[in-house]
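K.L.:
This is the structure, below, for whatever I ask next.
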Amino acid sequence: MGSPDPDGRQIDGLGGGVSSLSKVALVGSPGEQGMEWVKDVLGHSSGNDAWDVAYRFGQVEVKKKAIDWSTTCGNLIAAVGHFAVDERLIPHSQLDARANRHRGMVPVRILSVNTGATMLAQVPTVRCEHTGELYAATQGDTQISGVPGTGAPVDIEFPNPAGPEGVLPTGNPRDVINVDDGLKIPITLINAGLPTLFVPLSSLPFPLSSILLHPSEIDNNKPLMSLLERIRQSGAALTPTLKKTLSPSAPKIAIVAPSTEAYMTTSGGKVMPGEMDLLARAISVGNVHRTFPATVLMAAAAAAAIRGTVVEETVQLGGNALKRDGNGVNWVRVGHPAGIAKAGARVKSNETGEGWNLESVAMTRTARRIMSGQVFIPSKVFE
């Protein structure tokens, strides 16, 4: 990947110099030789009949010689689904049967080995005119903000994505943390696949204009970025599990603000207040994300559907009401540097009425294979 690179460019590898372009994924099927690593990472048998492919995500740090294997990446789920179809990790007979049953759509069950969660990716397929074989479709009209062009939609469902501590790891929709300079910051901690802290901009000593700048300019706002990192580390101390698993990749942290003002995207477009339910900026591995991480989007969808969270109250302050579909899924539109991201969550209060259960999160992504080949690794890496 070209790490470590003190200049942050990863010029000597395949990485792109920012966290969203410095990722790796290990993918395999249940019957594949060498898949013992799945059991080794999980610490138990995974039940091979519950998944089609196993996926292990690695966040490669840009400037350091380190890979974080403890988290996951929601955006890569679409790519894993495509890879599973095109590489025949699902037996040919099953591919055909699923495509015929679902009108060309192939459901792919993906085990995230790092977290133990299973996701379902609905991969659209096309048949080769010459061989009749199935391949993942790439042509379509779906546009993802921050990704040039359009592609075929991959609908992804994350059933029961909350960890063992639940969707609200502290048990509260809102907590207050004290940072080392005496500031008291209200936050919401959500786990919808990856723990995320949401902070209202109104609680920080920075104006709205400070987060409407280009992500690289926000990165250069050292007082703001330093404060957010201190909040992130303080928030990680709220539960024993978070404190134990604190890493550069997790928990994530995001600033939220009401959708009351229009802003310009990084590509020169304009997002109007009525196009979003929430304005947000996410931090990933020390930098402002150029779009909005799928894992943070999942958490935002869950938080928006739970009464009393920082996110739900911020949506209300913007004068918005979430749209609920016929399946009971509440959809939220998040304004980020490159445009709008959308996700839905189905949340229900538990039997006591004092807590919440996150039943599922859904979103749509696109994917396309760009290249296939060999990477030449310098011999010094193995010394």
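Letters for chains follow the order of the structure tokens (A, B, ...), residue numbers begin at 1 for each chain, and ligand numbers begin at 1 in the order shown.
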Output as number ranges by chain all residues of range 136-316 of chain A that backbone DSSP marks as helix (DSSP H, G or I).
P.N.:
A: 201-203, 208-211, 215-219, 222-236, 240-245, 273-275, 294-304, 310-316
K.L.:
Figure out the distance between CA of Leu120 in chain A and CA of Ile90 in chain A, please, to one decimal in Å.
P.N.:
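Atom-to-atom, CA of Ile90 in chain A to CA of Leu120 in chain A, that is 13.9 Å.
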K.L.:
One decimal, in Å: what's the spacing between CA of Met105 in chain A and CA of Ala362 in chain A?
P.N.:
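CA of Ala362 in chain A lies 16.6 Å from CA of Met105 in chain A.
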K.L.:
Using CA of Val332 in chain A and CA of Leu297 in chain A as the two end points, give the distance in Å to one decimal.
P.N.:
9.0 Å
K.L.:
Please, which residues in range 228-264 of chain A fall within 7 Å of range 312-324 of chain A when counting only C-alpha atoms, and what is the closest atom pair and distance in Å to one decimal for each, ordered by chain then residue number, as a tab-separated table?
P.N.:
residue	atom	partner	partner_atom	distance
A:Ala257	CA	A:Thr314	CA	6.1
A:Pro258	CA	A:Gly318	CA	4.5
A:Ser259	CA	A:Gly318	CA	5.1
A:Thr260	CA	A:Gly318	CA	5.8
K.L.:
Give the answer as one residue: which of A:Leu95, A:Val53, A:Ile218, A:Val334 has the shortest atom-to-atom distance to Thr118 in chain A, using only C-alpha atoms?
P.N.:
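The closest residue to Thr118 in chain A is A:Val53.
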K.L.:
What are the DSSP strand (DSSP E) residues of range 202-349 of chain A, as number ranges by chain?
P.N.:
A: 252-257, 263-264, 270-271, 278-284, 287-288, 323-324, 330-336, 339-349
K.L.:
Please produce a file of those selected residues containing N, CA, C and O atoms, as a compact mmCIF listing (two decimals), in the first residue's frame.
P.N.:
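Contents of the output file part-v5.txt:
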# COMPACT_ATOMS: atom_id res chain seq x y z
N LYS A 252 -15.25 5.95 15.87
CA LYS A 252 -15.30 7.09 14.97
C LYS A 252 -15.93 8.27 15.71
O LYS A 252 -16.54 8.11 16.77
N ILE A 253 -15.78 9.47 15.14
CA ILE A 253 -16.42 10.64 15.72
C ILE A 253 -16.94 11.52 14.58
O ILE A 253 -16.32 11.60 13.51
N ALA A 254 -18.11 12.12 14.79
CA ALA A 254 -18.71 12.97 13.77
C ALA A 254 -19.34 14.19 14.41
O ALA A 254 -19.93 14.10 15.49
N ILE A 255 -19.20 15.34 13.74
CA ILE A 255 -19.86 16.58 14.16
C ILE A 255 -21.19 16.65 13.43
O ILE A 255 -21.27 16.37 12.23
N VAL A 256 -22.25 17.04 14.14
CA VAL A 256 -23.56 17.18 13.50
C VAL A 256 -24.11 18.58 13.74
O VAL A 256 -23.87 19.20 14.78
N ALA A 257 -24.86 19.07 12.76
CA ALA A 257 -25.48 20.39 12.85
C ALA A 257 -26.80 20.36 12.09
O ALA A 257 -26.99 19.55 11.18
N TYR A 263 -24.71 24.65 1.24
CA TYR A 263 -23.24 24.68 1.19
C TYR A 263 -22.78 24.10 -0.15
O TYR A 263 -23.52 23.42 -0.85
N MET A 264 -21.53 24.39 -0.50
CA MET A 264 -20.94 23.92 -1.74
C MET A 264 -20.19 22.61 -1.48
O MET A 264 -19.49 22.48 -0.47
N LYS A 270 -24.09 22.22 -5.22
CA LYS A 270 -24.69 22.92 -4.10
C LYS A 270 -25.74 22.03 -3.44
O LYS A 270 -26.61 21.48 -4.13
N VAL A 271 -25.65 21.89 -2.13
CA VAL A 271 -26.62 21.13 -1.36
C VAL A 271 -27.53 22.11 -0.63
O VAL A 271 -27.05 22.95 0.14
N LEU A 278 -29.76 16.35 7.92
CA LEU A 278 -28.69 16.52 8.89
C LEU A 278 -27.43 16.93 8.16
O LEU A 278 -27.13 16.42 7.08
N LEU A 279 -26.69 17.88 8.72
CA LEU A 279 -25.38 18.26 8.21
C LEU A 279 -24.33 17.60 9.10
O LEU A 279 -24.44 17.66 10.34
N ALA A 280 -23.33 16.94 8.51
CA ALA A 280 -22.36 16.22 9.35
C ALA A 280 -21.00 16.17 8.67
O ALA A 280 -20.88 16.22 7.45
N ARG A 281 -19.99 16.05 9.52
CA ARG A 281 -18.62 15.82 9.06
C ARG A 281 -18.03 14.74 9.96
O ARG A 281 -18.10 14.83 11.19
N ALA A 282 -17.44 13.72 9.34
CA ALA A 282 -16.88 12.59 10.09
C ALA A 282 -15.36 12.61 10.05
O ALA A 282 -14.76 13.03 9.06
N ILE A 283 -14.77 12.14 11.14
CA ILE A 283 -13.32 12.04 11.23
C ILE A 283 -12.95 10.57 11.14
O ILE A 283 -13.52 9.72 11.84
N SER A 284 -12.01 10.25 10.25
CA SER A 284 -11.56 8.87 10.09
C SER A 284 -10.04 8.82 10.15
O SER A 284 -9.35 9.42 9.32
N ASN A 287 -8.31 12.27 10.11
CA ASN A 287 -8.60 13.23 9.04
C ASN A 287 -10.09 13.31 8.77
O ASN A 287 -10.82 12.33 8.99
N VAL A 288 -10.53 14.47 8.28
CA VAL A 288 -11.93 14.61 7.90
C VAL A 288 -12.19 13.75 6.67
O VAL A 288 -11.48 13.85 5.66
N LYS A 323 -38.41 10.08 7.10
CA LYS A 323 -39.38 9.36 6.28
C LYS A 323 -39.34 7.88 6.64
O LYS A 323 -38.27 7.27 6.64
N ARG A 324 -40.50 7.31 6.95
CA ARG A 324 -40.59 5.90 7.29
C ARG A 324 -41.27 5.16 6.15
O ARG A 324 -42.34 5.56 5.68
N ASN A 330 -36.76 3.86 9.07
CA ASN A 330 -36.64 5.32 9.08
C ASN A 330 -35.40 5.73 8.28
O ASN A 330 -34.29 5.30 8.60
N TRP A 331 -35.60 6.58 7.27
CA TRP A 331 -34.50 6.97 6.38
C TRP A 331 -34.01 8.37 6.72
O TRP A 331 -34.79 9.27 6.94
N VAL A 332 -32.68 8.52 6.76
CA VAL A 332 -32.07 9.81 7.05
C VAL A 332 -31.13 10.19 5.91
O VAL A 332 -30.43 9.34 5.35
N ARG A 333 -31.13 11.47 5.54
CA ARG A 333 -30.26 12.00 4.51
C ARG A 333 -29.20 12.89 5.18
O ARG A 333 -29.54 13.86 5.83
N VAL A 334 -27.94 12.52 4.99
CA VAL A 334 -26.84 13.23 5.65
C VAL A 334 -26.07 14.05 4.63
O VAL A 334 -25.59 13.52 3.61
N GLY A 335 -25.94 15.34 4.89
CA GLY A 335 -25.14 16.20 4.04
C GLY A 335 -23.67 16.13 4.44
O GLY A 335 -23.32 16.43 5.58
N HIS A 336 -22.81 15.72 3.51
CA HIS A 336 -21.38 15.57 3.79
C HIS A 336 -20.58 16.37 2.75
O HIS A 336 -21.17 17.00 1.87
N GLY A 339 -21.65 15.66 -0.90
CA GLY A 339 -23.06 15.63 -1.29
C GLY A 339 -23.94 15.03 -0.22
O GLY A 339 -23.84 15.39 0.96
N ILE A 340 -24.79 14.07 -0.62
CA ILE A 340 -25.77 13.48 0.29
C ILE A 340 -25.56 11.97 0.37
O ILE A 340 -25.35 11.31 -0.65
N ALA A 341 -25.64 11.44 1.57
CA ALA A 341 -25.63 9.99 1.79
C ALA A 341 -26.92 9.62 2.51
O ALA A 341 -27.39 10.37 3.37
N LYS A 342 -27.47 8.47 2.17
CA LYS A 342 -28.77 8.08 2.72
C LYS A 342 -28.70 6.67 3.28
O LYS A 342 -28.10 5.77 2.68
N ALA A 343 -29.30 6.47 4.44
CA ALA A 343 -29.39 5.13 5.04
C ALA A 343 -30.66 5.05 5.86
O ALA A 343 -31.22 6.07 6.28
N GLY A 344 -31.10 3.83 6.09
CA GLY A 344 -32.31 3.62 6.88
C GLY A 344 -32.07 2.67 8.02
O GLY A 344 -31.21 1.78 7.94
N ALA A 345 -32.81 2.84 9.11
CA ALA A 345 -32.68 1.97 10.28
C ALA A 345 -34.06 1.57 10.78
O ALA A 345 -34.97 2.41 10.80
N ARG A 346 -34.18 0.32 11.19
CA ARG A 346 -35.40 -0.14 11.84
C ARG A 346 -35.08 -0.37 13.31
O ARG A 346 -34.30 -1.26 13.65
N VAL A 347 -35.64 0.49 14.15
CA VAL A 347 -35.36 0.48 15.59
C VAL A 347 -36.67 0.35 16.35
O VAL A 347 -37.66 0.97 16.00
N LYS A 348 -36.66 -0.47 17.39
CA LYS A 348 -37.84 -0.63 18.23
C LYS A 348 -37.44 -0.54 19.69
O LYS A 348 -36.35 -0.96 20.07
N SER A 349 -38.34 0.03 20.50
CA SER A 349 -38.08 0.05 21.94
C SER A 349 -38.23 -1.37 22.46
O SER A 349 -39.03 -2.16 21.95
K.L.:
Could you give me, as a tab-separated table (two decimals) with C-alpha atoms, in the first residue's frame, the residues within 9 Å of Asp12 in chain A, counting only C-alpha atoms and dropping anything in the same chain fewer than 6 positions from it?
P.N.:
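This went into out.tsv:
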chain	number	residue	atom	x	y	z
A	1	MET	CA	0.00	0.00	0.00
A	2	GLY	CA	3.02	2.29	0.29
A	3	SER	CA	3.01	2.72	4.06
A	5	ASP	CA	4.97	7.34	4.08
